$ cat input.cif   # mmCIF, N, CA and C atoms
data_entry
#
loop_
_atom_site.label_atom_id
_atom_site.label_comp_id
_atom_site.auth_asym_id
_atom_site.auth_seq_id
_atom_site.Cartn_x
_atom_site.Cartn_y
_atom_site.Cartn_z
N MET A 1 19.25 34.10 21.46
CA MET A 1 19.24 32.88 20.67
C MET A 1 18.55 33.16 19.34
N TYR A 2 19.18 32.72 18.27
CA TYR A 2 18.67 32.97 16.93
C TYR A 2 18.05 31.68 16.37
N ILE A 3 16.81 31.77 15.87
CA ILE A 3 16.15 30.63 15.23
C ILE A 3 15.97 30.97 13.76
N SER A 4 16.45 30.12 12.91
CA SER A 4 16.40 30.41 11.48
C SER A 4 14.96 30.43 10.96
N LYS A 5 14.78 31.19 9.88
CA LYS A 5 13.46 31.26 9.24
C LYS A 5 13.05 29.91 8.70
N ASN A 6 14.01 29.13 8.21
CA ASN A 6 13.70 27.78 7.70
C ASN A 6 13.13 26.89 8.79
N LEU A 7 13.71 26.95 9.98
CA LEU A 7 13.23 26.13 11.09
C LEU A 7 11.82 26.54 11.49
N ILE A 8 11.58 27.83 11.54
CA ILE A 8 10.24 28.32 11.88
C ILE A 8 9.24 27.87 10.82
N MET A 9 9.58 28.00 9.55
CA MET A 9 8.69 27.56 8.46
C MET A 9 8.42 26.06 8.54
N LYS A 10 9.45 25.28 8.83
CA LYS A 10 9.27 23.83 8.94
C LYS A 10 8.31 23.50 10.08
N LYS A 11 8.45 24.20 11.20
CA LYS A 11 7.55 23.96 12.34
C LYS A 11 6.11 24.35 11.99
N ILE A 12 5.95 25.46 11.32
CA ILE A 12 4.61 25.89 10.92
C ILE A 12 3.99 24.89 9.95
N LEU A 13 4.75 24.44 8.97
CA LEU A 13 4.25 23.46 8.01
C LEU A 13 3.90 22.13 8.69
N PHE A 14 4.71 21.73 9.67
CA PHE A 14 4.43 20.50 10.41
C PHE A 14 3.11 20.62 11.16
N ILE A 15 2.89 21.76 11.82
CA ILE A 15 1.65 21.97 12.58
C ILE A 15 0.46 21.98 11.63
N ILE A 16 0.59 22.62 10.49
CA ILE A 16 -0.50 22.63 9.50
C ILE A 16 -0.77 21.22 9.00
N ALA A 17 0.27 20.46 8.70
CA ALA A 17 0.11 19.08 8.22
C ALA A 17 -0.55 18.22 9.29
N LEU A 18 -0.16 18.39 10.54
CA LEU A 18 -0.76 17.62 11.63
C LEU A 18 -2.22 17.95 11.78
N PHE A 19 -2.57 19.24 11.73
CA PHE A 19 -3.96 19.66 11.85
C PHE A 19 -4.79 19.13 10.69
N THR A 20 -4.27 19.21 9.47
CA THR A 20 -4.97 18.71 8.29
C THR A 20 -5.20 17.21 8.38
N THR A 21 -4.21 16.46 8.86
CA THR A 21 -4.35 15.02 9.01
C THR A 21 -5.46 14.69 9.99
N CYS A 22 -5.55 15.42 11.10
CA CYS A 22 -6.60 15.18 12.08
C CYS A 22 -7.96 15.42 11.47
N ILE A 23 -8.09 16.46 10.67
CA ILE A 23 -9.37 16.74 10.03
C ILE A 23 -9.74 15.64 9.05
N VAL A 24 -8.81 15.22 8.21
CA VAL A 24 -9.10 14.20 7.20
C VAL A 24 -9.49 12.87 7.85
N PHE A 25 -8.76 12.44 8.88
CA PHE A 25 -9.07 11.16 9.50
C PHE A 25 -10.33 11.23 10.35
N GLY A 26 -10.83 12.41 10.66
CA GLY A 26 -12.07 12.54 11.40
C GLY A 26 -13.29 12.36 10.52
N GLN A 27 -13.12 12.35 9.23
CA GLN A 27 -14.23 12.21 8.31
C GLN A 27 -14.37 10.75 7.89
N TYR A 28 -15.59 10.24 8.00
CA TYR A 28 -15.86 8.86 7.59
C TYR A 28 -16.68 8.86 6.32
N LYS A 29 -16.24 8.07 5.36
CA LYS A 29 -16.95 7.93 4.10
C LYS A 29 -16.95 6.46 3.70
N PRO A 30 -18.00 6.01 3.01
CA PRO A 30 -17.97 4.63 2.52
C PRO A 30 -16.84 4.45 1.52
N LEU A 31 -16.32 3.24 1.45
CA LEU A 31 -15.19 2.96 0.58
C LEU A 31 -15.60 2.20 -0.67
N SER A 32 -14.91 2.45 -1.74
CA SER A 32 -15.11 1.68 -2.98
C SER A 32 -14.49 0.29 -2.78
N PRO A 33 -14.88 -0.68 -3.60
CA PRO A 33 -14.27 -2.01 -3.49
C PRO A 33 -12.75 -1.98 -3.60
N GLU A 34 -12.22 -1.09 -4.42
CA GLU A 34 -10.77 -0.98 -4.57
C GLU A 34 -10.11 -0.50 -3.29
N LEU A 35 -10.70 0.52 -2.66
CA LEU A 35 -10.13 1.04 -1.42
C LEU A 35 -10.29 0.05 -0.27
N ILE A 36 -11.38 -0.71 -0.26
CA ILE A 36 -11.55 -1.73 0.77
C ILE A 36 -10.40 -2.73 0.67
N LYS A 37 -10.13 -3.20 -0.54
CA LYS A 37 -9.04 -4.17 -0.73
C LYS A 37 -7.68 -3.59 -0.34
N GLU A 38 -7.50 -2.30 -0.59
CA GLU A 38 -6.22 -1.66 -0.27
C GLU A 38 -6.05 -1.44 1.23
N LYS A 39 -7.08 -0.90 1.90
CA LYS A 39 -6.97 -0.56 3.31
C LYS A 39 -7.29 -1.72 4.25
N TYR A 40 -8.12 -2.66 3.78
CA TYR A 40 -8.54 -3.80 4.59
C TYR A 40 -8.36 -5.07 3.76
N PRO A 41 -7.13 -5.53 3.57
CA PRO A 41 -6.85 -6.61 2.61
C PRO A 41 -7.26 -8.02 3.04
N ASN A 42 -7.54 -8.25 4.31
CA ASN A 42 -7.85 -9.60 4.78
C ASN A 42 -9.35 -9.75 4.99
N GLY A 43 -10.01 -10.46 4.10
CA GLY A 43 -11.46 -10.54 4.15
C GLY A 43 -12.02 -11.94 4.23
N ALA A 44 -13.25 -11.99 4.75
CA ALA A 44 -14.01 -13.24 4.81
C ALA A 44 -15.48 -12.89 4.76
N CYS A 45 -16.24 -13.65 3.98
CA CYS A 45 -17.67 -13.41 3.83
C CYS A 45 -18.44 -14.69 4.19
N ALA A 46 -19.69 -14.50 4.63
CA ALA A 46 -20.52 -15.67 4.97
C ALA A 46 -21.99 -15.32 4.85
N TYR A 47 -22.81 -16.35 4.64
CA TYR A 47 -24.26 -16.23 4.62
C TYR A 47 -24.80 -16.61 5.99
N TRP A 48 -25.90 -15.93 6.39
CA TRP A 48 -26.47 -16.10 7.73
C TRP A 48 -27.98 -16.26 7.65
N ASP A 49 -28.57 -16.99 8.61
CA ASP A 49 -30.02 -17.07 8.69
C ASP A 49 -30.55 -15.98 9.62
N ILE A 50 -31.85 -15.97 9.84
CA ILE A 50 -32.48 -14.91 10.64
C ILE A 50 -32.03 -14.95 12.10
N ASN A 51 -31.53 -16.09 12.57
CA ASN A 51 -31.08 -16.24 13.95
C ASN A 51 -29.57 -16.05 14.10
N SER A 52 -28.94 -15.51 13.09
CA SER A 52 -27.49 -15.25 13.07
C SER A 52 -26.66 -16.52 13.12
N ASN A 53 -27.18 -17.59 12.54
CA ASN A 53 -26.41 -18.82 12.38
C ASN A 53 -25.75 -18.82 11.01
N MET A 54 -24.45 -19.12 10.96
CA MET A 54 -23.73 -19.16 9.69
C MET A 54 -24.20 -20.37 8.89
N LEU A 55 -24.42 -20.17 7.61
CA LEU A 55 -24.88 -21.24 6.72
C LEU A 55 -23.77 -21.65 5.76
N PHE A 56 -23.86 -22.82 5.23
CA PHE A 56 -22.93 -23.35 4.22
C PHE A 56 -21.50 -23.41 4.73
N ASN A 57 -21.31 -23.46 6.05
CA ASN A 57 -19.97 -23.48 6.64
C ASN A 57 -19.12 -22.31 6.15
N GLY A 58 -19.76 -21.19 5.91
CA GLY A 58 -19.05 -20.01 5.45
C GLY A 58 -18.73 -20.03 3.97
N GLY A 59 -19.21 -21.05 3.26
CA GLY A 59 -18.92 -21.15 1.84
C GLY A 59 -19.86 -20.33 0.98
N ASP A 60 -19.73 -20.47 -0.30
CA ASP A 60 -20.54 -19.71 -1.25
C ASP A 60 -22.00 -20.17 -1.24
N TYR A 61 -22.86 -19.25 -1.63
CA TYR A 61 -24.29 -19.53 -1.72
C TYR A 61 -24.55 -20.57 -2.80
N ASP A 62 -25.42 -21.51 -2.49
CA ASP A 62 -25.83 -22.54 -3.44
C ASP A 62 -27.34 -22.62 -3.39
N LYS A 63 -28.01 -22.11 -4.43
CA LYS A 63 -29.48 -22.07 -4.38
C LYS A 63 -30.11 -23.46 -4.36
N ASN A 64 -29.33 -24.52 -4.63
CA ASN A 64 -29.85 -25.89 -4.55
C ASN A 64 -29.61 -26.52 -3.18
N HIS A 65 -28.92 -25.82 -2.31
CA HIS A 65 -28.65 -26.34 -0.97
C HIS A 65 -29.97 -26.41 -0.19
N PRO A 66 -30.17 -27.43 0.65
CA PRO A 66 -31.42 -27.54 1.42
C PRO A 66 -31.70 -26.34 2.32
N ASP A 67 -30.66 -25.60 2.72
CA ASP A 67 -30.85 -24.43 3.58
C ASP A 67 -30.97 -23.12 2.81
N ALA A 68 -30.97 -23.17 1.50
CA ALA A 68 -30.97 -21.94 0.70
C ALA A 68 -32.17 -21.05 1.01
N HIS A 69 -33.29 -21.64 1.32
CA HIS A 69 -34.50 -20.84 1.56
C HIS A 69 -34.46 -20.07 2.88
N ILE A 70 -33.53 -20.40 3.78
CA ILE A 70 -33.47 -19.69 5.06
C ILE A 70 -32.38 -18.61 5.11
N VAL A 71 -31.68 -18.40 4.00
CA VAL A 71 -30.65 -17.35 3.96
C VAL A 71 -31.33 -15.99 4.06
N LYS A 72 -30.81 -15.16 4.96
CA LYS A 72 -31.35 -13.81 5.14
C LYS A 72 -30.31 -12.72 4.90
N ASN A 73 -29.05 -12.99 5.28
CA ASN A 73 -28.02 -11.96 5.19
C ASN A 73 -26.72 -12.52 4.64
N TYR A 74 -25.96 -11.62 4.05
CA TYR A 74 -24.62 -11.91 3.57
C TYR A 74 -23.74 -10.81 4.14
N ILE A 75 -22.71 -11.19 4.89
CA ILE A 75 -21.85 -10.22 5.55
C ILE A 75 -20.40 -10.48 5.18
N CYS A 76 -19.71 -9.42 4.76
CA CYS A 76 -18.29 -9.51 4.45
C CYS A 76 -17.51 -8.65 5.44
N ASN A 77 -16.55 -9.28 6.10
CA ASN A 77 -15.65 -8.59 7.03
C ASN A 77 -14.31 -8.43 6.35
N HIS A 78 -13.81 -7.21 6.32
CA HIS A 78 -12.51 -6.90 5.71
C HIS A 78 -11.63 -6.29 6.80
N PHE A 79 -10.53 -6.95 7.14
CA PHE A 79 -9.68 -6.52 8.24
C PHE A 79 -8.40 -5.86 7.72
N SER A 80 -7.93 -4.87 8.49
CA SER A 80 -6.70 -4.17 8.11
C SER A 80 -5.46 -5.00 8.45
N GLY A 81 -5.61 -5.95 9.34
CA GLY A 81 -4.50 -6.83 9.75
C GLY A 81 -5.05 -8.20 10.09
N ASP A 82 -4.72 -8.68 11.30
CA ASP A 82 -5.18 -9.99 11.73
C ASP A 82 -6.70 -10.04 11.84
N PHE A 83 -7.28 -11.19 11.47
CA PHE A 83 -8.72 -11.39 11.55
C PHE A 83 -9.20 -11.19 12.99
N PHE A 84 -10.24 -10.38 13.15
CA PHE A 84 -10.91 -10.10 14.42
C PHE A 84 -9.99 -9.48 15.48
N MET A 85 -8.80 -9.03 15.07
CA MET A 85 -7.87 -8.38 15.99
C MET A 85 -7.44 -7.00 15.48
N SER A 86 -8.00 -6.56 14.37
CA SER A 86 -7.62 -5.28 13.77
C SER A 86 -8.88 -4.54 13.34
N SER A 87 -8.71 -3.31 12.90
CA SER A 87 -9.86 -2.55 12.43
C SER A 87 -10.50 -3.27 11.25
N CYS A 88 -11.79 -2.99 11.06
CA CYS A 88 -12.57 -3.78 10.10
C CYS A 88 -13.56 -2.89 9.35
N TYR A 89 -13.71 -3.19 8.07
CA TYR A 89 -14.76 -2.58 7.25
C TYR A 89 -15.74 -3.71 6.94
N GLU A 90 -16.99 -3.58 7.36
CA GLU A 90 -18.00 -4.64 7.15
C GLU A 90 -19.03 -4.19 6.14
N GLU A 91 -19.42 -5.13 5.27
CA GLU A 91 -20.50 -4.90 4.32
C GLU A 91 -21.65 -5.84 4.68
N HIS A 92 -22.85 -5.28 4.86
CA HIS A 92 -24.03 -6.07 5.22
C HIS A 92 -25.05 -6.01 4.07
N TYR A 93 -25.50 -7.19 3.66
CA TYR A 93 -26.46 -7.30 2.57
C TYR A 93 -27.64 -8.14 3.01
N LYS A 94 -28.82 -7.89 2.42
CA LYS A 94 -29.94 -8.81 2.59
C LYS A 94 -29.96 -9.70 1.35
N VAL A 95 -30.48 -10.90 1.52
CA VAL A 95 -30.50 -11.89 0.44
C VAL A 95 -31.94 -12.28 0.16
N ASP A 96 -32.34 -12.23 -1.12
CA ASP A 96 -33.70 -12.66 -1.46
C ASP A 96 -33.72 -14.17 -1.71
N VAL A 97 -34.89 -14.73 -2.00
CA VAL A 97 -35.04 -16.18 -2.16
C VAL A 97 -34.27 -16.72 -3.35
N ASN A 98 -33.88 -15.87 -4.29
CA ASN A 98 -33.10 -16.31 -5.44
C ASN A 98 -31.60 -16.16 -5.23
N GLY A 99 -31.22 -15.68 -4.06
CA GLY A 99 -29.79 -15.51 -3.77
C GLY A 99 -29.22 -14.17 -4.19
N ASN A 100 -30.08 -13.27 -4.66
CA ASN A 100 -29.61 -11.93 -5.02
C ASN A 100 -29.36 -11.13 -3.75
N ILE A 101 -28.28 -10.35 -3.75
CA ILE A 101 -27.96 -9.56 -2.58
C ILE A 101 -28.19 -8.08 -2.86
N GLU A 102 -28.69 -7.38 -1.81
CA GLU A 102 -28.90 -5.93 -1.87
C GLU A 102 -28.20 -5.32 -0.67
N PRO A 103 -27.45 -4.24 -0.87
CA PRO A 103 -26.75 -3.63 0.26
C PRO A 103 -27.72 -3.04 1.28
N ILE A 104 -27.42 -3.24 2.55
CA ILE A 104 -28.20 -2.64 3.64
C ILE A 104 -27.36 -1.51 4.25
N TYR A 105 -26.18 -1.89 4.75
CA TYR A 105 -25.27 -0.89 5.31
C TYR A 105 -23.85 -1.44 5.33
N ASP A 106 -22.90 -0.51 5.41
CA ASP A 106 -21.50 -0.81 5.65
C ASP A 106 -21.16 -0.17 6.99
N GLN A 107 -20.14 -0.69 7.65
CA GLN A 107 -19.72 -0.05 8.89
C GLN A 107 -18.22 -0.22 9.10
N ILE A 108 -17.68 0.70 9.87
CA ILE A 108 -16.26 0.65 10.21
C ILE A 108 -16.18 0.36 11.70
N LYS A 109 -15.35 -0.65 12.04
CA LYS A 109 -15.12 -1.01 13.44
C LYS A 109 -13.65 -0.81 13.79
N THR A 110 -13.40 -0.44 15.04
CA THR A 110 -12.04 -0.31 15.52
C THR A 110 -11.49 -1.69 15.87
N GLU A 111 -10.20 -1.73 16.20
CA GLU A 111 -9.59 -3.00 16.62
C GLU A 111 -10.20 -3.51 17.92
N THR A 112 -10.89 -2.64 18.68
CA THR A 112 -11.57 -3.07 19.90
C THR A 112 -13.03 -3.42 19.63
N ASN A 113 -13.39 -3.55 18.34
CA ASN A 113 -14.71 -3.98 17.90
C ASN A 113 -15.82 -2.95 18.15
N LYS A 114 -15.46 -1.68 18.29
CA LYS A 114 -16.45 -0.62 18.45
C LYS A 114 -16.78 -0.04 17.09
N ILE A 115 -18.06 0.13 16.83
CA ILE A 115 -18.50 0.72 15.57
C ILE A 115 -18.33 2.23 15.65
N VAL A 116 -17.62 2.80 14.68
CA VAL A 116 -17.39 4.25 14.66
C VAL A 116 -18.16 4.94 13.53
N ALA A 117 -18.58 4.18 12.52
CA ALA A 117 -19.36 4.77 11.42
C ALA A 117 -20.21 3.70 10.76
N ARG A 118 -21.40 4.11 10.34
CA ARG A 118 -22.28 3.20 9.60
C ARG A 118 -22.88 3.98 8.44
N PHE A 119 -22.87 3.34 7.25
CA PHE A 119 -23.35 3.95 6.01
C PHE A 119 -24.54 3.15 5.51
N TYR A 120 -25.73 3.75 5.53
CA TYR A 120 -26.95 3.06 5.09
C TYR A 120 -27.20 3.31 3.61
N TRP A 121 -27.65 2.26 2.92
CA TRP A 121 -27.90 2.31 1.48
C TRP A 121 -29.39 2.24 1.20
N SER A 122 -29.84 2.98 0.20
CA SER A 122 -31.23 2.92 -0.24
C SER A 122 -31.43 1.71 -1.15
N ASN A 123 -32.67 1.43 -1.50
CA ASN A 123 -32.96 0.28 -2.37
C ASN A 123 -32.32 0.39 -3.74
N ASP A 124 -32.04 1.62 -4.18
CA ASP A 124 -31.40 1.80 -5.49
C ASP A 124 -29.87 1.83 -5.38
N GLY A 125 -29.32 1.48 -4.20
CA GLY A 125 -27.87 1.37 -4.03
C GLY A 125 -27.15 2.67 -3.76
N LYS A 126 -27.88 3.74 -3.47
CA LYS A 126 -27.25 5.02 -3.17
C LYS A 126 -27.16 5.22 -1.67
N LEU A 127 -26.14 5.95 -1.25
CA LEU A 127 -25.96 6.25 0.17
C LEU A 127 -27.15 7.09 0.65
N SER A 128 -27.84 6.61 1.68
CA SER A 128 -29.01 7.35 2.17
C SER A 128 -28.72 8.10 3.46
N SER A 129 -27.86 7.56 4.32
CA SER A 129 -27.50 8.28 5.54
C SER A 129 -26.22 7.70 6.14
N THR A 130 -25.59 8.49 6.98
CA THR A 130 -24.37 8.10 7.67
C THR A 130 -24.50 8.48 9.13
N ILE A 131 -24.11 7.56 10.01
CA ILE A 131 -24.11 7.82 11.45
C ILE A 131 -22.73 7.47 11.98
N CYS A 132 -22.19 8.33 12.86
CA CYS A 132 -20.87 8.09 13.44
C CYS A 132 -20.95 8.16 14.96
N TRP A 133 -20.03 7.43 15.61
CA TRP A 133 -19.96 7.39 17.06
C TRP A 133 -18.52 7.57 17.51
N ASP A 134 -18.35 8.11 18.72
CA ASP A 134 -17.02 8.18 19.29
C ASP A 134 -16.72 6.88 20.03
N GLU A 135 -15.55 6.77 20.65
CA GLU A 135 -15.13 5.54 21.33
C GLU A 135 -16.05 5.19 22.51
N GLU A 136 -16.75 6.18 23.07
CA GLU A 136 -17.66 5.92 24.19
C GLU A 136 -19.06 5.56 23.72
N GLY A 137 -19.29 5.55 22.41
CA GLY A 137 -20.60 5.19 21.87
C GLY A 137 -21.56 6.35 21.70
N ASN A 138 -21.06 7.58 21.86
CA ASN A 138 -21.90 8.76 21.67
C ASN A 138 -21.93 9.12 20.18
N GLU A 139 -23.13 9.44 19.69
CA GLU A 139 -23.25 9.83 18.29
C GLU A 139 -22.55 11.17 18.09
N ILE A 140 -21.78 11.25 17.00
CA ILE A 140 -21.04 12.47 16.70
C ILE A 140 -21.27 12.86 15.24
N ASP A 141 -20.86 14.08 14.90
CA ASP A 141 -20.92 14.55 13.52
C ASP A 141 -19.88 13.80 12.71
N CYS A 142 -20.27 13.27 11.57
CA CYS A 142 -19.35 12.47 10.74
C CYS A 142 -18.37 13.33 9.96
N ASN A 143 -18.61 14.60 9.86
CA ASN A 143 -17.70 15.46 9.11
C ASN A 143 -16.66 15.96 10.04
#
$ encode --input "input.cif" --output "structure tokens"
Amino acid sequence: MYISKNLIMKKILFIIALFTTCIVFGQYKPLSPELIKEKYPNGACAYWDINSNMLFNGGDYDKNHPDAHIVKNYICNHFSGDFFMSSCYEEHYKVDVNGNIEPIYDQIKTETNKIVARFYWSNDGKLSSTICWDEEGNEIDCN
């Protein structure tokens, strides 16, 4: 049986492409706002108090609102498809008494709501550390 060189080359290129894809998707990195909108187009944000109660009915922060002084966190969920039924990129911020937000961490969740990567931010807004987990919750190398 004769197998053409073209067929062999195509198979080799396919295997290389498959291997490269596995390597690329195994790496977790924080996303820019543009990439978040592209990969996770369905988003919703809300303000929360220290007891994880949503404030302002999920609406925008209003420093004149009677509950403004109890705001502690601002969380944005960005979904790749249906809300709470698809993979998600979450941004977590702390909120000061003036309503200013500072990034704490971002995380990537699977459609089964398992966290696979978390990106921690320093006070100056730079990435300070990254932690990744497999589907069983074991910490793994993010690279």
$ closest_residue --input "input.cif" --among "A:Asn64, A:Asn57, A:Ser87, A:Asn138" --to "Glu111 of chain A" --atoms "only C-alpha atoms"
A:Ser87
$ residues_near_point --input "input.cif" --point "(-35.1, -14.4, -0.4)" --cutoff "7 Å" --atoms "only C-alpha atoms" --output "PyMOL selection string"
chain A and resi 69+71-72+95-99
$ resolve_selection --input "input.cif" --expression "the PyMOL selection byres ((chain A and resi 78) around 6)" --output "ChimeraX atom specification"
/A:40-44,76-77,79-80,87-90
$ write_last_selection --input "input.cif" --atoms "N, CA and C atoms" --output "mmCIF file, in the coordinates of the input"
data_model
loop_
_atom_site.group_PDB
_atom_site.id
_atom_site.type_symbol
_atom_site.label_atom_id
_atom_site.label_comp_id
_atom_site.auth_asym_id
_atom_site.auth_seq_id
_atom_site.Cartn_x
_atom_site.Cartn_y
_atom_site.Cartn_z
ATOM 1 N N TYR A 40 -8.120 -2.660 3.780
ATOM 2 C CA TYR A 40 -8.540 -3.800 4.590
ATOM 3 C C TYR A 40 -8.360 -5.070 3.760
ATOM 4 N N PRO A 41 -7.130 -5.530 3.570
ATOM 5 C CA PRO A 41 -6.850 -6.610 2.610
ATOM 6 C C PRO A 41 -7.260 -8.020 3.040
ATOM 7 N N ASN A 42 -7.540 -8.250 4.310
ATOM 8 C CA ASN A 42 -7.850 -9.600 4.780
ATOM 9 C C ASN A 42 -9.350 -9.750 4.990
ATOM 10 N N GLY A 43 -10.010 -10.460 4.100
ATOM 11 C CA GLY A 43 -11.460 -10.540 4.150
ATOM 12 C C GLY A 43 -12.020 -11.940 4.230
ATOM 13 N N ALA A 44 -13.250 -11.990 4.750
ATOM 14 C CA ALA A 44 -14.010 -13.240 4.810
ATOM 15 C C ALA A 44 -15.480 -12.890 4.760
ATOM 16 N N CYS A 76 -19.710 -9.420 4.760
ATOM 17 C CA CYS A 76 -18.290 -9.510 4.450
ATOM 18 C C CYS A 76 -17.510 -8.650 5.440
ATOM 19 N N ASN A 77 -16.550 -9.280 6.100
ATOM 20 C CA ASN A 77 -15.650 -8.590 7.030
ATOM 21 C C ASN A 77 -14.310 -8.430 6.350
ATOM 22 N N PHE A 79 -10.530 -6.950 7.140
ATOM 23 C CA PHE A 79 -9.680 -6.520 8.240
ATOM 24 C C PHE A 79 -8.400 -5.860 7.720
ATOM 25 N N SER A 80 -7.930 -4.870 8.490
ATOM 26 C CA SER A 80 -6.700 -4.170 8.110
ATOM 27 C C SER A 80 -5.460 -5.000 8.450
ATOM 28 N N SER A 87 -8.710 -3.310 12.900
ATOM 29 C CA SER A 87 -9.860 -2.550 12.430
ATOM 30 C C SER A 87 -10.500 -3.270 11.250
ATOM 31 N N CYS A 88 -11.790 -2.990 11.060
ATOM 32 C CA CYS A 88 -12.570 -3.780 10.100
ATOM 33 C C CYS A 88 -13.560 -2.890 9.350
ATOM 34 N N TYR A 89 -13.710 -3.190 8.070
ATOM 35 C CA TYR A 89 -14.760 -2.580 7.250
ATOM 36 C C TYR A 89 -15.740 -3.710 6.940
ATOM 37 N N GLU A 90 -16.990 -3.580 7.360
ATOM 38 C CA GLU A 90 -18.000 -4.640 7.150
ATOM 39 C C GLU A 90 -19.030 -4.190 6.140
#
$ residues_near_point --input "input.cif" --point "(-18.7, -3.6, 12.5)" --cutoff "7 Å" --atoms "all atoms listed in the file" --output "number ranges by chain"
A: 88-90, 106-110, 113-116
$ write_last_selection --input "input.cif" --atoms "N, CA and C atoms" --output "CSV table (one decimal), in the coordinates of the input"
chain,number,residue,atom,x,y,z
A,88,CYS,N,-11.8,-3.0,11.1
A,88,CYS,CA,-12.6,-3.8,10.1
A,88,CYS,C,-13.6,-2.9,9.4
A,89,TYR,N,-13.7,-3.2,8.1
A,89,TYR,CA,-14.8,-2.6,7.2
A,89,TYR,C,-15.7,-3.7,6.9
A,90,GLU,N,-17.0,-3.6,7.4
A,90,GLU,CA,-18.0,-4.6,7.2
A,90,GLU,C,-19.0,-4.2,6.1
A,106,ASP,N,-22.9,-0.5,5.4
A,106,ASP,CA,-21.5,-0.8,5.6
A,106,ASP,C,-21.2,-0.2,7.0
A,107,GLN,N,-20.1,-0.7,7.6
A,107,GLN,CA,-19.7,0.0,8.9
A,107,GLN,C,-18.2,-0.2,9.1
A,108,ILE,N,-17.7,0.7,9.9
A,108,ILE,CA,-16.3,0.6,10.2
A,108,ILE,C,-16.2,0.4,11.7
A,109,LYS,N,-15.4,-0.6,12.0
A,109,LYS,CA,-15.1,-1.0,13.4
A,109,LYS,C,-13.6,-0.8,13.8
A,110,THR,N,-13.4,-0.4,15.0
A,110,THR,CA,-12.0,-0.3,15.5
A,110,THR,C,-11.5,-1.7,15.9
A,113,ASN,N,-13.4,-3.6,18.3
A,113,ASN,CA,-14.7,-4.0,17.9
A,113,ASN,C,-15.8,-3.0,18.2
A,114,LYS,N,-15.5,-1.7,18.3
A,114,LYS,CA,-16.4,-0.6,18.4
A,114,LYS,C,-16.8,0.0,17.1
A,115,ILE,N,-18.1,0.1,16.8
A,115,ILE,CA,-18.5,0.7,15.6
A,115,ILE,C,-18.3,2.2,15.6
A,116,VAL,N,-17.6,2.8,14.7
A,116,VAL,CA,-17.4,4.2,14.7
A,116,VAL,C,-18.2,4.9,13.5
$ closest_residue --input "input.cif" --among "A:Trp133, A:Leu55, A:Glu91, A:Gly81" --to "Lys39 of chain A" --atoms "all atoms listed in the file"
A:Gly81
$ resolve_selection --input "input.cif" --expression "the PyMOL selection byres (((chain A and resi 143 and name CA) around 6) and name CA)" --output "JSON list (two decimals) with N, CA and C atoms, in the frame of the given file"
[["chain", "number", "residue", "atom", "x", "y", "z"],
["A", 27, "GLN", "N", -13.12, 12.35, 9.23],
["A", 27, "GLN", "CA", -14.23, 12.21, 8.31],
["A", 27, "GLN", "C", -14.37, 10.75, 7.89],
["A", 141, "ASP", "N", -20.86, 14.08, 14.90],
["A", 141, "ASP", "CA", -20.92, 14.55, 13.52],
["A", 141, "ASP", "C", -19.88, 13.80, 12.71],
["A", 142, "CYS", "N", -20.27, 13.27, 11.57],
["A", 142, "CYS", "CA", -19.35, 12.47, 10.74],
["A", 142, "CYS", "C", -18.37, 13.33, 9.96]]
$ resolve_selection --input "input.cif" --expression "the PyMOL selection byres ((chain A and resi 119) around 6)" --output "ChimeraX atom specification"
/A:104-107,117-118,120-121,129-131
